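Undergrad: Here you go, input-v1.txt (compact mmCIF, C-alpha atoms):
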```txt
# COMPACT_ATOMS: atom_id res chain seq x y z
CA MET A 887 -12.59 5.64 -2.19
CA PHE A 888 -14.99 6.85 0.52
CA SER A 889 -16.02 4.68 3.45
CA PRO A 890 -19.77 4.49 4.11
CA PHE A 891 -21.26 5.18 7.55
CA ASP A 892 -24.85 5.39 8.76
CA LYS A 893 -26.18 8.39 10.71
CA ASP A 894 -24.89 6.88 13.97
CA GLY A 895 -21.36 6.44 12.62
CA TYR A 896 -21.45 2.68 12.11
CA VAL A 897 -20.00 1.10 8.97
CA ASP A 898 -22.69 0.46 6.34
CA LEU A 899 -21.35 -1.55 3.41
CA ALA A 900 -24.51 -1.40 1.29
CA PRO A 901 -23.54 1.63 -0.92
CA ILE A 902 -20.21 0.16 -2.04
CA PRO A 903 -21.26 -2.13 -4.95
CA LYS A 904 -23.31 0.60 -6.64
CA LEU A 905 -20.41 3.07 -6.52
CA VAL A 906 -17.94 0.48 -7.83
CA GLU A 907 -20.20 -0.20 -10.83
CA HIS A 908 -20.57 3.53 -11.45
CA LEU A 909 -16.81 4.11 -11.41
CA ILE A 910 -16.00 1.17 -13.66
CA SER A 911 -18.66 2.38 -16.12
CA ASN A 912 -16.91 5.78 -16.05
CA ASP A 913 -13.59 4.18 -17.05
CA ILE A 914 -11.90 4.43 -13.67
CA ASN A 915 -9.24 1.73 -13.95
CA GLY A 916 -8.20 1.22 -10.33
CA LEU A 917 -9.31 1.90 -6.77
CA TYR A 918 -7.39 3.16 -3.73
CA ALA A 919 -9.25 2.17 -0.56
CA MET A 920 -8.91 3.19 3.10
CA GLY A 921 -6.74 6.26 2.50
CA SER A 922 -7.39 9.83 3.62
CA THR A 923 -10.70 9.96 1.77
CA GLY A 924 -11.62 6.57 3.20
CA GLU A 925 -11.11 7.75 6.81
CA GLY A 926 -9.13 4.60 7.58
CA LEU A 927 -7.24 6.21 10.46
CA SER A 928 -10.58 6.98 12.16
CA MET A 929 -11.67 3.34 12.06
CA THR A 930 -10.85 0.16 13.98
CA VAL A 931 -8.76 -2.53 12.35
CA ARG A 932 -11.84 -4.77 12.07
CA GLN A 933 -13.90 -2.04 10.41
CA ARG A 934 -11.13 -1.36 7.92
CA MET A 935 -10.98 -5.04 7.06
CA GLU A 936 -14.75 -5.11 6.47
CA VAL A 937 -14.63 -2.14 4.09
CA THR A 938 -11.58 -3.59 2.32
CA ASP A 939 -13.37 -6.90 1.81
CA ALA A 940 -16.44 -5.11 0.48
CA TYR A 941 -14.50 -3.13 -2.13
CA ILE A 942 -12.40 -6.07 -3.29
CA GLY A 943 -15.52 -8.25 -3.45
CA ALA A 944 -17.47 -5.67 -5.46
CA VAL A 945 -14.60 -5.21 -7.91
CA ASN A 946 -14.30 -8.99 -8.34
CA GLY A 947 -10.96 -8.82 -10.12
CA ARG A 948 -12.04 -6.42 -12.88
CA ILE A 949 -9.66 -3.58 -11.96
CA PRO A 950 -6.74 -3.33 -9.50
CA VAL A 951 -7.37 -2.38 -5.87
CA ILE A 952 -4.71 -0.71 -3.71
CA VAL A 953 -5.41 -0.82 0.03
CA ASN A 954 -4.03 1.74 2.46
CA VAL A 955 -2.77 0.01 5.63
CA SER A 956 -1.46 3.04 7.55
CA HIS A 957 -1.63 2.82 11.34
CA THR A 958 0.15 4.25 14.37
CA SER A 959 1.34 0.71 15.19
CA TYR A 960 3.66 -1.36 13.01
CA ASP A 961 1.95 -4.50 14.32
CA ALA A 962 -1.48 -3.26 13.24
CA THR A 963 -0.09 -2.22 9.86
CA GLU A 964 1.28 -5.73 9.39
CA GLU A 965 -2.09 -7.20 10.35
CA LEU A 966 -3.89 -4.94 7.89
CA THR A 967 -1.31 -5.71 5.19
CA LYS A 968 -1.64 -9.46 5.49
CA HIS A 969 -5.41 -9.22 5.52
CA ALA A 970 -5.45 -7.04 2.39
CA VAL A 971 -3.09 -9.40 0.55
CA GLY A 972 -5.16 -12.40 1.57
CA ALA A 973 -8.36 -10.66 0.47
CA GLY A 974 -6.95 -10.12 -3.01
CA ALA A 975 -5.52 -6.59 -2.99
CA ASP A 976 -3.21 -5.85 -5.91
CA ALA A 977 -0.97 -3.56 -3.81
CA VAL A 978 -0.78 -2.04 -0.34
CA SER A 979 0.13 1.49 0.62
CA ALA A 980 0.97 3.37 3.82
CA THR A 981 2.34 6.42 5.51
CA LEU A 982 4.63 5.95 8.50
CA PRO A 983 3.34 5.60 12.07
CA ALA A 984 2.56 9.10 13.33
CA TYR A 985 3.36 11.04 16.53
CA TYR A 986 7.04 10.13 16.92
CA THR A 987 9.18 12.26 14.64
CA VAL A 988 11.12 11.03 11.63
CA SER A 989 13.95 13.53 11.17
CA SER A 990 16.10 12.10 8.37
CA ILE A 991 15.95 10.28 5.06
CA ASP A 992 17.74 7.35 6.70
CA GLN A 993 14.96 7.03 9.28
CA LEU A 994 12.38 7.24 6.52
CA VAL A 995 14.07 4.45 4.57
CA LEU A 996 14.26 2.21 7.63
CA ALA A 997 10.61 2.83 8.52
CA VAL A 998 9.37 2.16 4.98
CA ARG A 999 11.46 -0.99 4.89
CA LYS A 1000 9.92 -2.19 8.17
CA ILE A 1001 6.41 -1.84 6.73
CA ALA A 1002 7.11 -3.15 3.23
CA GLU A 1003 9.09 -6.23 4.19
CA CYS A 1004 6.26 -7.92 6.10
CA GLN A 1005 5.13 -9.56 2.83
CA ASP A 1006 6.48 -10.41 -0.62
CA ASP A 1007 3.30 -11.00 -2.62
CA VAL A 1008 2.22 -7.54 -3.83
CA PRO A 1009 3.90 -4.15 -4.38
CA PHE A 1010 4.12 -1.62 -1.58
CA ILE A 1011 3.30 2.00 -2.49
CA TYR A 1012 4.73 4.60 -0.12
CA TYR A 1013 2.15 7.31 0.61
CA HIS A 1014 3.86 10.71 0.50
CA ILE A 1015 1.48 13.31 1.98
CA PRO A 1016 3.61 15.89 3.82
CA GLY A 1017 0.59 18.10 4.55
CA LYS A 1018 -0.63 15.40 6.94
CA THR A 1019 2.60 13.71 8.05
CA GLY A 1020 4.95 16.69 8.18
CA LEU A 1021 7.57 14.60 6.34
CA ASN A 1022 8.79 17.06 3.72
CA PHE A 1023 11.65 14.98 2.35
CA LYS A 1024 12.37 15.03 -1.37
CA MET A 1025 11.04 11.82 -2.84
CA HIS A 1026 13.67 11.65 -5.57
CA THR A 1027 16.27 11.68 -2.76
CA PHE A 1028 14.35 8.92 -0.98
CA LEU A 1029 14.30 6.78 -4.15
CA GLU A 1030 18.00 7.43 -4.72
CA LYS A 1031 18.75 6.41 -1.14
CA ILE A 1032 16.71 3.24 -1.24
CA GLY A 1033 18.04 2.21 -4.67
CA ASP A 1034 17.36 -1.43 -5.52
CA THR A 1035 17.49 -2.64 -1.92
CA LEU A 1036 13.72 -3.02 -1.36
CA PRO A 1037 12.10 -5.23 -4.03
CA GLN A 1038 8.65 -4.81 -2.46
CA LEU A 1039 8.64 -1.07 -3.20
CA GLY A 1040 6.52 -0.51 -6.28
CA GLY A 1041 6.14 3.25 -6.27
CA ILE A 1042 4.87 6.35 -4.52
CA LYS A 1043 1.45 7.90 -4.07
CA TYR A 1044 2.62 11.49 -4.39
CA THR A 1045 0.22 13.87 -2.65
CA SER A 1046 2.25 17.07 -2.63
CA GLY A 1047 2.27 20.26 -4.65
CA ALA A 1048 6.05 20.07 -5.21
CA ILE A 1049 5.75 19.20 -8.89
CA ASP A 1050 9.48 19.69 -9.47
CA ASP A 1051 10.23 16.81 -7.11
CA PHE A 1052 7.51 14.71 -8.74
CA MET A 1053 9.04 15.35 -12.16
CA MET A 1054 12.47 14.30 -10.88
CA CYS A 1055 10.98 11.03 -9.61
CA GLN A 1056 9.08 10.44 -12.85
CA GLN A 1057 11.97 11.22 -15.15
CA ILE A 1058 14.77 9.50 -13.24
CA TYR A 1059 12.96 6.57 -11.64
CA GLY A 1060 9.77 6.19 -13.70
CA ASP A 1061 11.05 3.05 -15.41
CA ARG A 1062 11.50 1.37 -12.01
CA TYR A 1063 8.80 2.85 -9.77
CA LYS A 1064 5.17 3.77 -10.49
CA MET A 1065 4.39 7.36 -9.57
CA PHE A 1066 0.73 8.05 -8.69
CA PHE A 1067 -0.04 11.77 -8.56
CA GLY A 1068 -2.43 12.66 -5.74
CA VAL A 1069 -3.32 16.38 -5.84
CA ASP A 1070 -6.51 16.70 -7.88
CA GLU A 1071 -6.36 20.48 -8.25
CA LEU A 1072 -2.96 20.15 -9.96
CA PHE A 1073 -4.11 17.53 -12.47
CA LEU A 1074 -3.21 19.39 -15.67
CA PRO A 1075 0.19 20.71 -14.47
CA ALA A 1076 1.06 17.19 -13.33
CA LEU A 1077 -0.02 15.82 -16.70
CA ALA A 1078 2.37 18.29 -18.33
CA MET A 1079 5.14 17.03 -16.01
CA GLY A 1080 4.66 13.47 -17.25
CA ALA A 1081 2.14 12.05 -14.79
CA ASP A 1082 0.16 9.16 -16.24
CA SER A 1083 -1.56 7.75 -13.13
CA PHE A 1084 -3.68 9.70 -10.67
CA VAL A 1085 -5.25 8.87 -7.31
CA GLY A 1086 -7.77 11.32 -5.90
CA SER A 1087 -11.13 11.78 -4.24
CA THR A 1088 -12.81 14.01 -6.85
CA TYR A 1089 -12.49 11.29 -9.50
CA ASN A 1090 -15.43 9.65 -7.71
CA PHE A 1091 -17.76 12.34 -9.07
CA MET A 1092 -15.82 14.11 -11.86
CA ALA A 1093 -14.26 11.26 -13.83
CA PRO A 1094 -15.60 12.42 -17.24
CA THR A 1095 -14.07 15.88 -16.73
CA TYR A 1096 -10.62 14.44 -16.06
CA HIS A 1097 -10.93 12.07 -19.02
CA ASN A 1098 -11.75 15.09 -21.20
CA ILE A 1099 -8.70 16.97 -19.90
CA THR A 1100 -6.45 14.01 -20.68
CA GLU A 1101 -7.89 13.47 -24.16
CA LYS A 1102 -7.73 17.13 -25.15
CA TYR A 1103 -4.18 17.47 -23.84
CA ALA A 1104 -3.09 14.36 -25.76
CA LYS A 1105 -4.55 15.82 -28.97
CA GLY A 1106 -2.73 19.11 -28.48
CA ASP A 1107 -5.93 21.03 -27.69
CA GLN A 1108 -4.39 23.18 -24.96
CA GLN A 1109 -7.28 25.63 -24.75
CA GLY A 1110 -9.85 22.85 -24.50
CA ALA A 1111 -7.83 21.10 -21.80
CA LYS A 1112 -7.48 24.35 -19.85
CA ALA A 1113 -11.22 25.06 -20.07
CA GLU A 1114 -12.09 21.62 -18.65
CA TYR A 1115 -9.39 21.97 -16.02
CA PHE A 1116 -10.65 25.40 -14.97
CA ARG A 1117 -14.10 23.95 -14.31
CA ALA A 1118 -12.57 21.20 -12.17
CA VAL A 1119 -10.51 23.77 -10.25
CA ARG A 1120 -13.61 25.90 -9.63
CA ILE A 1121 -15.49 22.90 -8.25
CA ILE A 1122 -12.57 21.96 -5.99
CA ASP A 1123 -12.21 25.56 -4.82
CA THR A 1124 -15.92 25.59 -3.96
CA LEU A 1125 -15.82 22.35 -1.97
CA LEU A 1126 -12.72 23.52 -0.10
CA GLY A 1127 -14.82 26.41 1.22
CA TYR A 1128 -16.05 23.81 3.70
CA ASP A 1129 -14.26 20.86 5.26
CA GLY A 1130 -13.03 19.02 2.16
CA LEU A 1131 -14.15 15.56 3.25
CA ALA A 1132 -17.54 16.66 4.57
CA SER A 1133 -18.26 18.60 1.37
CA GLN A 1134 -17.21 15.72 -0.86
CA LYS A 1135 -19.43 13.30 1.05
CA ALA A 1136 -22.21 15.84 0.47
CA ILE A 1137 -21.45 15.77 -3.27
CA MET A 1138 -21.61 11.97 -3.23
CA LYS A 1139 -25.07 12.21 -1.69
CA MET A 1140 -26.12 14.78 -4.29
CA SER A 1141 -24.86 12.37 -6.96
CA GLY A 1142 -26.94 9.45 -5.69
CA HIS A 1143 -24.25 7.73 -3.60
CA ASP A 1144 -25.02 8.43 0.05
CA PHE A 1145 -21.97 7.40 2.07
CA GLY A 1146 -23.21 9.11 5.19
CA PRO A 1147 -21.45 11.75 7.28
CA PRO A 1148 -17.73 11.90 7.98
CA ARG A 1149 -16.53 10.55 11.29
CA SER A 1150 -15.95 12.83 14.25
CA PRO A 1151 -14.13 15.12 14.82
CA LEU A 1152 -15.20 16.12 11.29
CA GLN A 1153 -18.78 17.37 11.04
CA PRO A 1154 -21.24 17.08 8.16
CA LEU A 1155 -22.57 20.18 6.42
CA ALA A 1156 -25.58 21.82 8.07
CA GLN A 1157 -28.71 21.82 5.93
CA ASN A 1158 -28.39 25.49 4.96
CA GLU A 1159 -24.74 24.89 4.00
CA TYR A 1160 -25.74 21.83 1.99
CA ASP A 1161 -28.41 23.77 0.08
CA THR A 1162 -26.10 26.68 -0.71
CA PHE A 1163 -23.30 24.32 -1.67
CA TYR A 1164 -25.58 22.39 -4.04
CA GLN A 1165 -26.72 25.58 -5.78
CA ASN A 1166 -23.14 26.82 -6.20
CA LEU A 1167 -22.05 23.51 -7.70
CA LYS A 1168 -25.07 23.48 -10.00
CA ASN A 1169 -24.19 26.97 -11.23
CA ILE A 1170 -20.65 25.84 -12.05
CA GLY A 1171 -22.01 22.86 -13.97
CA LEU A 1172 -21.04 19.85 -11.85
CA PHE A 1173 -24.37 18.12 -12.35
```
Let's see the structure in the file written out as structure tokens.
TA:
Amino acid sequence: MFSPFDKDGYVDLAPIPKLVEHLISNDINGLYAMGSTGEGLSMTVRQRMEVTDAYIGAVNGRIPVIVNVSHTSYDATEELTKHAVGAGADAVSATLPAYYTVSSIDQLVLAVRKIAECQDDVPFIYYHIPGKTGLNFKMHTFLEKIGDTLPQLGGIKYTSGAIDDFMMCQQIYGDRYKMFFGVDELFLPALAMGADSFVGSTYNFMAPTYHNITEKYAKGDQQGAKAEYFRAVRIIDTLLGYDGLASQKAIMKMSGHDFGPPRSPLQPLAQNEYDTFYQNLKNIGLF
């Protein structure tokens, strides 16, 4: 989920209910709030709580909500966790505190345990995103190491292109842990590797395309699935020609859901970039 800001960078909760209704009507069956797309790490703890409350309130129990509680401080993560649980989140998720280096699987296990054990009410989903954290450990090794010693651990949000590792996790530990695949541009390959749950930013504005890919793949229509997937890949390739978050917020505005600009240091698209971007997306068929 995106977080909405006005032109001055202040949180503006007004667009959230409309987007939630749109996503539920497009058969999105769960939300992941305050993650990378939600710019949670650029916000204060109070602002994150406000956005969390707004999403959980708009959903009103109809679909599950996972709340990202990542922070550079364990104490702040615990505060965010307890708030999310109290607000009605169905699960919480986090990366490790950044800056100080984690250099071994054992350190990773201890750090995840420290975050997850602050509550016992909802599952904890470890957020594996090595492109941001630099933690390139194999997740199947992490799950093997942690075994059954952390009952709060419910799964992994797997945002990495290492599909072999993802498949190992899914095949060996899929009956115990939920694996959420988080690289949108690898949707079809991940589907072929056994992924059945996906968390990503482009599902906000391309949900029907991904539903079509899934349905065609399930029916054995490989060519149809590849054609839909190719269109999604072209759209993602186009938006990655700019800053990915700025361009996706631009797409949200084009789609009738204005969530404002990204927070600094990210910059919104200039008007000429916006116009060119819109025309390119229109030519591909996004709208």
Undergrad: Could you please determine the separation between atom CA of A:Ala1111 and atom CA of A:Ala1081 in Å, to one decimal place?
TA: 15.2 Å
Undergrad: Which residues are close to A:Ala1002, i.e. within 8 Å by all atoms listed in the file, leaving aside same-chain residues fewer than 5 positions away? Reply as a PyMOL selection string.
TA: chain A and resi 1010+1038-1039
Undergrad: May I have the residues from that selection written out with C-alpha atoms, as a short mmCIF file (atom, residue, chain, number, x, y, z; two decimals), keeping the file's coordinate frame?
TA:
```cif
data_model
loop_
_atom_site.label_atom_id
_atom_site.label_comp_id
_atom_site.auth_asym_id
_atom_site.auth_seq_id
_atom_site.Cartn_x
_atom_site.Cartn_y
_atom_site.Cartn_z
CA PHE A 1010 4.12 -1.62 -1.58
CA GLN A 1038 8.65 -4.81 -2.46
CA LEU A 1039 8.64 -1.07 -3.20
#
```
Undergrad: Please report as CSV every residue of stretch 923-996 of chain A lying within 12 Å of stretch 1084-1088 of chain A, along with the nearest atom pair and their distance in Å (one decimal), using all atoms listed in the file.
TA:
```
residue,atom,partner,partner_atom,distance
A:Thr923,CA,A:Ser1087,CA,6.3
A:Gly924,CA,A:Ser1087,CA,9.1
A:Glu925,CA,A:Ser1087,CA,11.8
A:Val951,CA,A:Val1085,CA,11.5
A:Ile952,CA,A:Val1085,CA,10.2
```
Undergrad: Rank A:Pro983, A:Pro890, A:Gly1080, A:Gly1017 by their smallest atom-to-atom distance to A:Ala1104, using all atoms listed in the file, and report the top residue only.
TA: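 So, comparing all the options, the nearest one is A:Gly1080.
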Undergrad: Extract, using all atoms listed in the file, all DNA, RNA and protein residues at most 10 Å from stretch 943-947 of chain A, discarding same-chain residues fewer than 5 positions from it, and format them as a ChimeraX atom specification.
TA: /A:902-907,910,916-917,937-938,973-976
Undergrad: Of the residues A:Ala1093, A:Ala970, A:Ala997, A:Met1025, which is the one nearest to A:Asp913, using all atoms listed in the file?
TA: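 Among A:Ala1093, A:Ala970, A:Ala997, A:Met1025, it is A:Ala1093 that comes nearest to A:Asp913.
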Undergrad: Output as CSV one row per residue of stretch 1017-1121 of chain A within 9 Å of stretch 987-991 of chain A: the closest atom pair and its distance in Å to one decimal place, counting all atoms listed in the file, sorted by chain and residue number ascending.
TA:
```
residue,atom,partner,partner_atom,distance
A:Gly1020,CA,A:Thr987,CA,8.9
A:Leu1021,CA,A:Val988,CA,7.3
A:Phe1023,CA,A:Ile991,CA,6.9
A:Lys1024,CA,A:Ile991,CA,8.8
A:Thr1027,CA,A:Ile991,CA,8.0
A:Phe1028,CA,A:Ile991,CA,6.4
A:Lys1031,CA,A:Ile991,CA,7.8
```
Undergrad: The selected residues should be written to file as an mmCIF file, keeping the file's coordinate frame (atoms: C-alpha atoms).
TA:
```
data_model
loop_
_atom_site.group_PDB
_atom_site.id
_atom_site.type_symbol
_atom_site.label_atom_id
_atom_site.label_comp_id
_atom_site.auth_asym_id
_atom_site.auth_seq_id
_atom_site.Cartn_x
_atom_site.Cartn_y
_atom_site.Cartn_z
ATOM 1 C CA GLY A 1020 4.950 16.690 8.180
ATOM 2 C CA LEU A 1021 7.570 14.600 6.340
ATOM 3 C CA PHE A 1023 11.650 14.980 2.350
ATOM 4 C CA LYS A 1024 12.370 15.030 -1.370
ATOM 5 C CA THR A 1027 16.270 11.680 -2.760
ATOM 6 C CA PHE A 1028 14.350 8.920 -0.980
ATOM 7 C CA LYS A 1031 18.750 6.410 -1.140
#
```
Undergrad: Give me, as a ChimeraX atom specification, all polymer residues having an atom no more than 9 Å from A:Val931, counting only C-alpha atoms and skipping those fewer than 4 positions away in the same chain.
TA: /A:926,935-936,957,962,965-966
Undergrad: Just want the 8 Å neighbourhood of A:Asp1007, counted on all atoms listed in the file, with same-chain residues fewer than 2 positions away dropped. Output as a list in words.
TA: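 In the requested format, the answer is Val971, Gln1005 and Pro1009 of chain A.
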Undergrad: Between A:Phe1091, A:Tyr1128, A:Tyr1063, A:Phe888, which one has atoms that come closest to A:Met1140, using all atoms listed in the file?
TA: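 Distance minimum relative to A:Met1140 lands on A:Phe1091.
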Undergrad: Restricting the calculation to only C-alpha atoms, which member of A:Pro901, A:Arg1117, A:Ser1083, A:Asp939 is positioned closest to A:Gly1142?
TA: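 For A:Gly1142, the nearest of the given residues is A:Pro901.
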Undergrad: How big is the axis-aligned box around all listed atoms of stretch 923-936 of chain A once 5 Å goes on each side, and where's its centre, in Å to one decimal, as AutoDock Vina command-line options?
TA:
```
--center_x -11.0 --center_y 2.4 --center_z 7.9 --size_x 17.5 --size_y 25.1 --size_z 22.2
```
Undergrad: Since the input lacks some atoms of stretch 1021-1052 of chain A, please model N, CA and C atoms and print them as a PDB file, in the frame of the given file.
TA:
```
ATOM      1  N   LEU A1021       6.319  15.142   6.879  1.00  0.00           N
ATOM      2  CA  LEU A1021       7.570  14.600   6.340  1.00  0.00           C
ATOM      3  C   LEU A1021       7.820  15.219   4.964  1.00  0.00           C
ATOM      4  N   ASN A1022       8.597  16.290   4.944  1.00  0.00           N
ATOM      5  CA  ASN A1022       8.790  17.060   3.720  1.00  0.00           C
ATOM      6  C   ASN A1022      10.057  16.668   2.962  1.00  0.00           C
ATOM      7  N   PHE A1023      10.457  15.427   3.050  1.00  0.00           N
ATOM      8  CA  PHE A1023      11.650  14.980   2.350  1.00  0.00           C
ATOM      9  C   PHE A1023      11.397  14.919   0.845  1.00  0.00           C
ATOM     10  N   LYS A1024      12.454  15.175   0.079  1.00  0.00           N
ATOM     11  CA  LYS A1024      12.370  15.030  -1.370  1.00  0.00           C
ATOM     12  C   LYS A1024      12.264  13.556  -1.727  1.00  0.00           C
ATOM     13  N   MET A1025      11.250  13.227  -2.511  1.00  0.00           N
ATOM     14  CA  MET A1025      11.040  11.820  -2.840  1.00  0.00           C
ATOM     15  C   MET A1025      12.078  11.293  -3.828  1.00  0.00           C
ATOM     16  N   HIS A1026      12.621  12.164  -4.674  1.00  0.00           N
ATOM     17  CA  HIS A1026      13.670  11.650  -5.570  1.00  0.00           C
ATOM     18  C   HIS A1026      14.922  11.298  -4.760  1.00  0.00           C
ATOM     19  N   THR A1027      15.155  12.022  -3.642  1.00  0.00           N
ATOM     20  CA  THR A1027      16.270  11.680  -2.760  1.00  0.00           C
ATOM     21  C   THR A1027      15.990  10.361  -2.037  1.00  0.00           C
ATOM     22  N   PHE A1028      14.752  10.172  -1.616  1.00  0.00           N
ATOM     23  CA  PHE A1028      14.350   8.920  -0.980  1.00  0.00           C
ATOM     24  C   PHE A1028      14.552   7.735  -1.925  1.00  0.00           C
ATOM     25  N   LEU A1029      14.141   7.881  -3.187  1.00  0.00           N
ATOM     26  CA  LEU A1029      14.300   6.780  -4.150  1.00  0.00           C
ATOM     27  C   LEU A1029      15.774   6.526  -4.456  1.00  0.00           C
ATOM     28  N   GLU A1030      16.560   7.602  -4.506  1.00  0.00           N
ATOM     29  CA  GLU A1030      18.000   7.430  -4.720  1.00  0.00           C
ATOM     30  C   GLU A1030      18.616   6.673  -3.546  1.00  0.00           C
ATOM     31  N   LYS A1031      18.202   7.024  -2.349  1.00  0.00           N
ATOM     32  CA  LYS A1031      18.750   6.410  -1.140  1.00  0.00           C
ATOM     33  C   LYS A1031      18.389   4.931  -1.053  1.00  0.00           C
ATOM     34  N   ILE A1032      17.162   4.620  -1.407  1.00  0.00           N
ATOM     35  CA  ILE A1032      16.710   3.240  -1.240  1.00  0.00           C
ATOM     36  C   ILE A1032      17.194   2.347  -2.380  1.00  0.00           C
ATOM     37  N   GLY A1033      17.457   2.954  -3.546  1.00  0.00           N
ATOM     38  CA  GLY A1033      18.040   2.210  -4.670  1.00  0.00           C
ATOM     39  C   GLY A1033      17.268   0.962  -5.019  1.00  0.00           C
ATOM     40  N   ASP A1034      17.983  -0.147  -5.180  1.00  0.00           N
ATOM     41  CA  ASP A1034      17.360  -1.430  -5.520  1.00  0.00           C
ATOM     42  C   ASP A1034      17.297  -2.360  -4.316  1.00  0.00           C
ATOM     43  N   THR A1035      17.354  -1.791  -3.111  1.00  0.00           N
ATOM     44  CA  THR A1035      17.490  -2.640  -1.920  1.00  0.00           C
ATOM     45  C   THR A1035      16.160  -3.105  -1.332  1.00  0.00           C
ATOM     46  N   LEU A1036      15.028  -2.634  -1.890  1.00  0.00           N
ATOM     47  CA  LEU A1036      13.720  -3.020  -1.360  1.00  0.00           C
ATOM     48  C   LEU A1036      12.830  -3.476  -2.511  1.00  0.00           C
ATOM     49  N   PRO A1037      12.869  -4.754  -2.870  1.00  0.00           N
ATOM     50  CA  PRO A1037      12.100  -5.230  -4.030  1.00  0.00           C
ATOM     51  C   PRO A1037      10.597  -5.067  -3.879  1.00  0.00           C
ATOM     52  N   GLN A1038      10.096  -4.980  -2.649  1.00  0.00           N
ATOM     53  CA  GLN A1038       8.650  -4.810  -2.460  1.00  0.00           C
ATOM     54  C   GLN A1038       8.168  -3.422  -2.884  1.00  0.00           C
ATOM     55  N   LEU A1039       9.059  -2.431  -2.878  1.00  0.00           N
ATOM     56  CA  LEU A1039       8.640  -1.070  -3.200  1.00  0.00           C
ATOM     57  C   LEU A1039       8.263  -0.962  -4.676  1.00  0.00           C
ATOM     58  N   GLY A1040       7.008  -0.613  -4.908  1.00  0.00           N
ATOM     59  CA  GLY A1040       6.520  -0.510  -6.280  1.00  0.00           C
ATOM     60  C   GLY A1040       6.343   0.903  -6.768  1.00  0.00           C
ATOM     61  N   GLY A1041       6.333   1.873  -5.843  1.00  0.00           N
ATOM     62  CA  GLY A1041       6.140   3.250  -6.270  1.00  0.00           C
ATOM     63  C   GLY A1041       5.742   4.149  -5.123  1.00  0.00           C
ATOM     64  N   ILE A1042       5.241   5.333  -5.493  1.00  0.00           N
ATOM     65  CA  ILE A1042       4.870   6.350  -4.520  1.00  0.00           C
ATOM     66  C   ILE A1042       3.522   6.955  -4.898  1.00  0.00           C
ATOM     67  N   LYS A1043       2.645   7.073  -3.915  1.00  0.00           N
ATOM     68  CA  LYS A1043       1.450   7.900  -4.070  1.00  0.00           C
ATOM     69  C   LYS A1043       1.860   9.304  -3.639  1.00  0.00           C
ATOM     70  N   TYR A1044       1.973  10.199  -4.591  1.00  0.00           N
ATOM     71  CA  TYR A1044       2.620  11.490  -4.390  1.00  0.00           C
ATOM     72  C   TYR A1044       1.566  12.572  -4.199  1.00  0.00           C
ATOM     73  N   THR A1045       1.227  12.868  -2.937  1.00  0.00           N
ATOM     74  CA  THR A1045       0.220  13.870  -2.650  1.00  0.00           C
ATOM     75  C   THR A1045       0.895  15.111  -2.084  1.00  0.00           C
ATOM     76  N   SER A1046       1.522  15.845  -2.979  1.00  0.00           N
ATOM     77  CA  SER A1046       2.250  17.070  -2.630  1.00  0.00           C
ATOM     78  C   SER A1046       2.238  17.988  -3.839  1.00  0.00           C
ATOM     79  N   GLY A1047       2.258  19.285  -3.563  1.00  0.00           N
ATOM     80  CA  GLY A1047       2.270  20.260  -4.650  1.00  0.00           C
ATOM     81  C   GLY A1047       3.652  20.527  -5.222  1.00  0.00           C
ATOM     82  N   ALA A1048       4.680  19.863  -4.717  1.00  0.00           N
ATOM     83  CA  ALA A1048       6.050  20.070  -5.210  1.00  0.00           C
ATOM     84  C   ALA A1048       6.236  19.307  -6.519  1.00  0.00           C
ATOM     85  N   ILE A1049       5.751  19.888  -7.601  1.00  0.00           N
ATOM     86  CA  ILE A1049       5.750  19.200  -8.890  1.00  0.00           C
ATOM     87  C   ILE A1049       7.165  19.008  -9.425  1.00  0.00           C
ATOM     88  N   ASP A1050       8.099  19.871  -9.018  1.00  0.00           N
ATOM     89  CA  ASP A1050       9.480  19.690  -9.470  1.00  0.00           C
ATOM     90  C   ASP A1050      10.045  18.376  -8.954  1.00  0.00           C
ATOM     91  N   ASP A1051       9.770  18.069  -7.691  1.00  0.00           N
ATOM     92  CA  ASP A1051      10.230  16.810  -7.110  1.00  0.00           C
ATOM     93  C   ASP A1051       9.541  15.623  -7.784  1.00  0.00           C
ATOM     94  N   PHE A1052       8.238  15.781  -8.036  1.00  0.00           N
ATOM     95  CA  PHE A1052       7.510  14.710  -8.740  1.00  0.00           C
ATOM     96  C   PHE A1052       8.132  14.448 -10.104  1.00  0.00           C
TER      97      PHE A1052
END
```
